[in-house]
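Visitor: This is input.csv (CSV, C-alpha atoms).
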chain,number,residue,atom,x,y,z
U,964,MET,CA,-14.0,-5.1,-27.8
U,965,GLY,CA,-12.1,-2.8,-25.5
U,966,GLN,CA,-9.4,-3.7,-23.0
U,967,PHE,CA,-10.2,-4.2,-19.3
U,968,PRO,CA,-7.7,-1.8,-17.7
U,969,LEU,CA,-7.5,-3.4,-14.2
U,970,PRO,CA,-5.3,-6.4,-15.1
U,971,ALA,CA,-2.8,-4.1,-16.8
U,972,ALA,CA,-2.8,-1.8,-13.7
U,973,ALA,CA,-2.3,-4.8,-11.4
U,974,ALA,CA,0.6,-6.0,-13.5
U,975,GLU,CA,2.1,-2.6,-13.4
U,976,PHE,CA,1.8,-2.6,-9.6
U,977,ARG,CA,3.4,-6.1,-9.4
U,978,SER,CA,6.2,-4.9,-11.7
U,979,ALA,CA,6.8,-1.7,-9.5
U,980,ALA,CA,7.0,-3.9,-6.4
U,981,SER,CA,9.4,-6.3,-8.0
U,982,GLN,CA,11.7,-3.4,-9.2
U,983,TYR,CA,11.5,-1.4,-6.0
U,984,THR,CA,14.9,-0.6,-4.5
U,985,PRO,CA,15.0,2.1,-1.8
U,986,ASP,CA,18.2,4.0,-1.3
U,987,ASP,CA,18.5,2.8,2.3
U,988,MET,CA,16.4,1.4,5.1
U,989,TYR,CA,15.4,4.8,6.4
U,990,GLU,CA,13.8,5.5,3.0
U,991,PHE,CA,12.2,2.1,3.1
U,992,GLY,CA,10.6,2.9,6.5
U,993,LEU,CA,9.2,6.2,5.1
U,994,HIS,CA,7.8,4.3,2.1
U,995,LEU,CA,6.1,1.8,4.3
U,996,ALA,CA,4.1,4.6,5.8
U,997,GLN,CA,2.6,5.2,2.4
U,998,MET,CA,1.2,1.7,2.1
U,999,PRO,CA,-2.2,2.5,3.6
U,1000,ALA,CA,-2.8,5.2,1.0
U,1001,ALA,CA,-1.9,2.8,-1.8
U,1002,MET,CA,-4.4,0.2,-0.4
U,1003,ALA,CA,-7.0,2.9,-0.1
U,1004,ASP,CA,-6.6,3.9,-3.7
U,1005,ILE,CA,-7.2,0.3,-4.8
U,1006,ALA,CA,-10.2,0.1,-2.6
U,1007,GLU,CA,-11.6,3.4,-4.0
U,1008,GLY,CA,-11.2,2.0,-7.5
U,1009,LEU,CA,-13.2,-1.1,-6.6
U,1010,LYS,CA,-15.9,1.1,-4.9
U,1011,THR,CA,-16.2,3.2,-8.0
U,1012,MET,CA,-16.5,0.1,-10.2
U,1013,ALA,CA,-19.2,-1.3,-8.0
U,1014,ILE,CA,-21.2,1.9,-8.0
U,1015,ARG,CA,-20.9,2.5,-11.7
U,1016,THR,CA,-21.8,-1.1,-12.4
U,1017,GLY,CA,-24.9,-0.8,-10.3
U,1018,THR,CA,-26.0,2.5,-11.8
U,1019,GLU,CA,-24.8,2.2,-15.4
U,1020,ARG,CA,-25.0,-1.4,-16.4
U,1021,PRO,CA,-27.9,-3.9,-16.7
U,1022,VAL,CA,-26.5,-6.4,-14.3
U,1023,ASN,CA,-28.1,-8.6,-11.6
U,1024,PRO,CA,-27.8,-7.0,-8.2
U,1025,LEU,CA,-25.9,-10.0,-7.0
U,1026,VAL,CA,-23.0,-9.0,-9.2
U,1027,VAL,CA,-23.0,-5.5,-7.7
U,1028,GLU,CA,-23.1,-7.0,-4.2
U,1029,ALA,CA,-20.1,-9.2,-5.1
U,1030,LEU,CA,-18.1,-6.2,-6.3
U,1031,ALA,CA,-19.1,-4.3,-3.1
U,1032,ALA,CA,-17.8,-7.3,-1.1
U,1033,LEU,CA,-14.5,-7.1,-3.0
U,1034,TYR,CA,-14.3,-3.4,-2.1
U,1035,HIS,CA,-14.9,-4.2,1.6
U,1036,ALA,CA,-12.3,-6.9,1.6
U,1037,GLN,CA,-9.8,-4.5,0.1
U,1038,ARG,CA,-10.7,-1.9,2.8
U,1039,ALA,CA,-9.4,-4.5,5.3
U,1040,THR,CA,-6.0,-4.3,3.8
U,1041,ILE,CA,-5.8,-0.6,4.7
U,1042,THR,CA,-6.0,-1.5,8.4
U,1043,ALA,CA,-3.4,-4.2,8.0
U,1044,ALA,CA,-1.1,-1.8,6.1
U,1045,GLU,CA,-1.5,0.8,8.9
U,1046,THR,CA,0.3,-1.6,11.2
U,1047,ILE,CA,3.4,-2.1,9.1
U,1048,ALA,CA,5.3,1.3,9.4
U,1049,PRO,CA,4.8,1.4,13.2
U,1050,MET,CA,6.0,-2.2,13.5
U,1051,PHE,CA,9.0,-1.3,11.4
U,1052,ARG,CA,9.8,1.7,13.7
U,1053,LYS,CA,9.4,-0.4,16.8
U,1054,ALA,CA,11.4,-3.4,15.5
U,1055,HIS,CA,14.2,-1.1,14.3
U,1056,SER,CA,14.1,1.6,17.0
U,1057,VAL,CA,17.8,1.2,17.8
U,1058,ASP,CA,18.8,1.5,14.2
U,1059,LEU,CA,16.5,4.5,13.6
U,1060,ALA,CA,17.8,6.3,16.7
U,1061,ARG,CA,21.3,6.3,15.3
U,1062,ARG,CA,20.1,8.8,12.6
U,1063,GLU,CA,17.2,10.5,14.4
U,1064,ASN,CA,18.9,11.0,17.8
U,1065,PRO,CA,22.6,10.5,17.2
U,1066,ARG,CA,25.0,10.5,20.0
U,1067,ASN,CA,28.0,12.8,19.9
U,1068,ASN,CA,30.3,11.6,17.2
U,1069,GLU,CA,28.0,8.7,16.3
U,1070,GLN,CA,29.9,8.3,13.1
U,1071,GLU,CA,32.8,6.9,15.0
U,1072,TRP,CA,30.9,3.7,15.4
U,1073,ASN,CA,31.2,3.4,11.7
U,1074,VAL,CA,27.6,2.1,11.4
U,1075,ARG,CA,25.6,3.1,8.3
I need this file expressed as structure tokens, please.
Guide:
Amino acid sequence: MGQFPLPAAAAEFRSAASQYTPDDMYEFGLHLAQMPAAMADIAEGLKTMAIRTGTERPVNPLVVEALAALYHAQRATITAAETIAPMFRKAHSVDLARRENPRNNEQEWNVR
């Protein structure tokens, strides 16, 4: 019997998240902007599984509907993820301004 690849992919995702260490908070903010795409990739994988299950496997349509519902639930995480980077930028606007719009000799404040 073959291996079901999704648990291994999920474990790899969890491992990547637990080992993630950005160089600084500016990089962290840039990475947060990529979260919607990551959530969309997961959703598209679930959509593909639902479609293939419905067209290639002899399963009850209720199973296909349940997989489709899982896909739709995952799609909701995209909308949630889209709020995170703007929230980060708003909550840290003063910090970000130090790099994006520095004052003359900003480095004299010795803030990194």
Visitor: Using all atoms listed in the file, pick whichever of U:Arg1062, U:Leu995, U:Phe976, U:Pro970 has the shortest atom-to-atom distance to Met1050 in chain U.
Guide: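 Using all atoms listed in the file, the shortest distance to Met1050 in chain U belongs to U:Leu995.
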Visitor: So how many Å separate CA of Glu1007 in chain U and CA of Phe991 in chain U, to one decimal?
Guide: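 Between CA of Glu1007 in chain U and CA of Phe991 in chain U the gap is 24.9 Å.
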Visitor: Counting all atoms listed in the file, which of U:Met964, U:Ala974, U:Ala1000, U:Arg1061 gets nearest to Ala1043 in chain U?
Guide: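 Distance minimum relative to Ala1043 in chain U lands on U:Ala1000.
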Visitor: Between U:Arg1066, U:Lys1010, U:His1055, U:Arg977, single out the one closest to Ala1036 in chain U, counting only C-alpha atoms.
Guide: U:Lys1010
Visitor: In Å, how far is it from CA of Ala1001 in chain U to CA of Ala1054 in chain U?
Guide: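 So the two atoms, CA of Ala1001 in chain U and CA of Ala1054 in chain U, lie 22.7 Å apart.
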Visitor: Measuring atom to atom with all atoms listed in the file, identify which of U:Leu1030, U:Leu1059, U:Met998, U:Val1022 is nearest to Ile1047 in chain U.
Guide: U:Met998
Visitor: Pick the closest to Met1002 in chain U from U:Thr1042, U:Gln1070, U:Asn1064, U:Ser1056: which is it, counting only C-alpha atoms?
Guide: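 Using only C-alpha atoms, the shortest distance to Met1002 in chain U belongs to U:Thr1042.
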Visitor: Using only C-alpha atoms, pick whichever of U:Glu1045, U:Glu1063, U:Glu1069, U:Lys1053 has the shortest atom-to-atom distance to Ala996 in chain U.
Guide: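 Ranked by minimum distance to Ala996 in chain U, first place goes to U:Glu1045.
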Visitor: If I take CA of Ala1013 in chain U and CA of Phe967 in chain U, how far is one from the other in Å, to one decimal?
Guide: 14.7 Å
Visitor: I need every residue sitting at most 12 Å from the point (-23.8, -6.5, -5.4) (coordinates as in the file, only C-alpha atoms considered), written as a list of chain:residue names.
Guide: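 Answer for this query, in the requested form: U:Leu1009, U:Lys1010, U:Met1012, U:Ala1013, U:Ile1014, U:Arg1015, U:Thr1016, U:Gly1017, U:Thr1018, U:Val1022, U:Asn1023, U:Pro1024, U:Leu1025, U:Val1026, U:Val1027, U:Glu1028, U:Ala1029, U:Leu1030, U:Ala1031, U:Ala1032, U:Leu1033, U:Tyr1034, U:His1035.
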Visitor: Could you put an axis-aligned box around every listed atom of range 1062-1065 of chain U, padded by 4 Å on each side, and send me its centre and edge lengths in Å to one decimal, as lines of an AutoDock Vina configuration file?
Guide:
center_x = 19.9
center_y = 9.9
center_z = 15.2
size_x = 13.4
size_y = 10.2
size_z = 13.2
Visitor: What would range 975-999 of chain U look like with N, CA and C atoms restored, written as a PDB file, keeping the file's coordinate frame?
Guide:
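The resulting file, selection-v2.pdb, is shown below:
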ATOM      1  N   GLU U 975       1.225  -3.697 -13.571  1.00  0.00           N
ATOM      2  CA  GLU U 975       2.100  -2.600 -13.400  1.00  0.00           C
ATOM      3  C   GLU U 975       2.506  -2.454 -11.871  1.00  0.00           C
ATOM      4  N   PHE U 976       1.518  -2.644 -11.001  1.00  0.00           N
ATOM      5  CA  PHE U 976       1.800  -2.600  -9.600  1.00  0.00           C
ATOM      6  C   PHE U 976       2.750  -3.735  -9.175  1.00  0.00           C
ATOM      7  N   ARG U 977       2.514  -4.945  -9.692  1.00  0.00           N
ATOM      8  CA  ARG U 977       3.400  -6.100  -9.400  1.00  0.00           C
ATOM      9  C   ARG U 977       4.820  -5.776  -9.908  1.00  0.00           C
ATOM     10  N   SER U 978       4.932  -5.203 -11.093  1.00  0.00           N
ATOM     11  CA  SER U 978       6.200  -4.900 -11.700  1.00  0.00           C
ATOM     12  C   SER U 978       6.937  -3.798 -10.807  1.00  0.00           C
ATOM     13  N   ALA U 979       6.190  -2.784 -10.391  1.00  0.00           N
ATOM     14  CA  ALA U 979       6.800  -1.700  -9.500  1.00  0.00           C
ATOM     15  C   ALA U 979       7.285  -2.323  -8.244  1.00  0.00           C
ATOM     16  N   ALA U 980       6.529  -3.244  -7.657  1.00  0.00           N
ATOM     17  CA  ALA U 980       7.000  -3.900  -6.400  1.00  0.00           C
ATOM     18  C   ALA U 980       8.210  -4.715  -6.607  1.00  0.00           C
ATOM     19  N   SER U 981       8.290  -5.419  -7.729  1.00  0.00           N
ATOM     20  CA  SER U 981       9.400  -6.300  -8.000  1.00  0.00           C
ATOM     21  C   SER U 981      10.708  -5.497  -8.294  1.00  0.00           C
ATOM     22  N   GLN U 982      10.547  -4.273  -8.805  1.00  0.00           N
ATOM     23  CA  GLN U 982      11.700  -3.400  -9.200  1.00  0.00           C
ATOM     24  C   GLN U 982      12.060  -2.426  -8.082  1.00  0.00           C
ATOM     25  N   TYR U 983      11.270  -2.363  -7.038  1.00  0.00           N
ATOM     26  CA  TYR U 983      11.500  -1.400  -6.000  1.00  0.00           C
ATOM     27  C   TYR U 983      12.773  -1.603  -5.240  1.00  0.00           C
ATOM     28  N   THR U 984      13.602  -0.574  -5.194  1.00  0.00           N
ATOM     29  CA  THR U 984      14.900  -0.600  -4.500  1.00  0.00           C
ATOM     30  C   THR U 984      15.074   0.717  -3.788  1.00  0.00           C
ATOM     31  N   PRO U 985      14.782   0.798  -2.491  1.00  0.00           N
ATOM     32  CA  PRO U 985      15.000   2.100  -1.800  1.00  0.00           C
ATOM     33  C   PRO U 985      16.488   2.347  -1.638  1.00  0.00           C
ATOM     34  N   ASP U 986      16.816   3.613  -1.430  1.00  0.00           N
ATOM     35  CA  ASP U 986      18.200   4.000  -1.300  1.00  0.00           C
ATOM     36  C   ASP U 986      18.812   3.404   0.015  1.00  0.00           C
ATOM     37  N   ASP U 987      18.005   3.333   1.055  1.00  0.00           N
ATOM     38  CA  ASP U 987      18.500   2.800   2.300  1.00  0.00           C
ATOM     39  C   ASP U 987      17.244   2.368   3.141  1.00  0.00           C
ATOM     40  N   MET U 988      17.475   1.834   4.306  1.00  0.00           N
ATOM     41  CA  MET U 988      16.400   1.400   5.100  1.00  0.00           C
ATOM     42  C   MET U 988      15.575   2.505   5.757  1.00  0.00           C
ATOM     43  N   TYR U 989      16.191   3.662   5.896  1.00  0.00           N
ATOM     44  CA  TYR U 989      15.400   4.800   6.400  1.00  0.00           C
ATOM     45  C   TYR U 989      14.379   5.202   5.370  1.00  0.00           C
ATOM     46  N   GLU U 990      14.763   5.211   4.105  1.00  0.00           N
ATOM     47  CA  GLU U 990      13.800   5.500   3.000  1.00  0.00           C
ATOM     48  C   GLU U 990      12.729   4.414   2.981  1.00  0.00           C
ATOM     49  N   PHE U 991      13.138   3.166   3.130  1.00  0.00           N
ATOM     50  CA  PHE U 991      12.200   2.100   3.100  1.00  0.00           C
ATOM     51  C   PHE U 991      11.123   2.256   4.196  1.00  0.00           C
ATOM     52  N   GLY U 992      11.540   2.646   5.384  1.00  0.00           N
ATOM     53  CA  GLY U 992      10.600   2.900   6.500  1.00  0.00           C
ATOM     54  C   GLY U 992       9.610   4.008   6.126  1.00  0.00           C
ATOM     55  N   LEU U 993      10.115   5.068   5.500  1.00  0.00           N
ATOM     56  CA  LEU U 993       9.200   6.200   5.100  1.00  0.00           C
ATOM     57  C   LEU U 993       8.234   5.691   4.029  1.00  0.00           C
ATOM     58  N   HIS U 994       8.690   4.852   3.142  1.00  0.00           N
ATOM     59  CA  HIS U 994       7.800   4.300   2.100  1.00  0.00           C
ATOM     60  C   HIS U 994       6.734   3.416   2.662  1.00  0.00           C
ATOM     61  N   LEU U 995       7.086   2.644   3.684  1.00  0.00           N
ATOM     62  CA  LEU U 995       6.100   1.800   4.300  1.00  0.00           C
ATOM     63  C   LEU U 995       4.907   2.562   4.837  1.00  0.00           C
ATOM     64  N   ALA U 996       5.174   3.773   5.281  1.00  0.00           N
ATOM     65  CA  ALA U 996       4.100   4.600   5.800  1.00  0.00           C
ATOM     66  C   ALA U 996       3.105   5.028   4.732  1.00  0.00           C
ATOM     67  N   GLN U 997       3.470   4.861   3.462  1.00  0.00           N
ATOM     68  CA  GLN U 997       2.600   5.200   2.400  1.00  0.00           C
ATOM     69  C   GLN U 997       1.703   4.036   1.902  1.00  0.00           C
ATOM     70  N   MET U 998       1.934   2.866   2.456  1.00  0.00           N
ATOM     71  CA  MET U 998       1.200   1.700   2.100  1.00  0.00           C
ATOM     72  C   MET U 998      -0.340   1.830   2.285  1.00  0.00           C
ATOM     73  N   PRO U 999      -0.787   2.378   3.424  1.00  0.00           N
ATOM     74  CA  PRO U 999      -2.200   2.500   3.600  1.00  0.00           C
ATOM     75  C   PRO U 999      -2.895   3.333   2.492  1.00  0.00           C
TER      76      PRO U 999
END
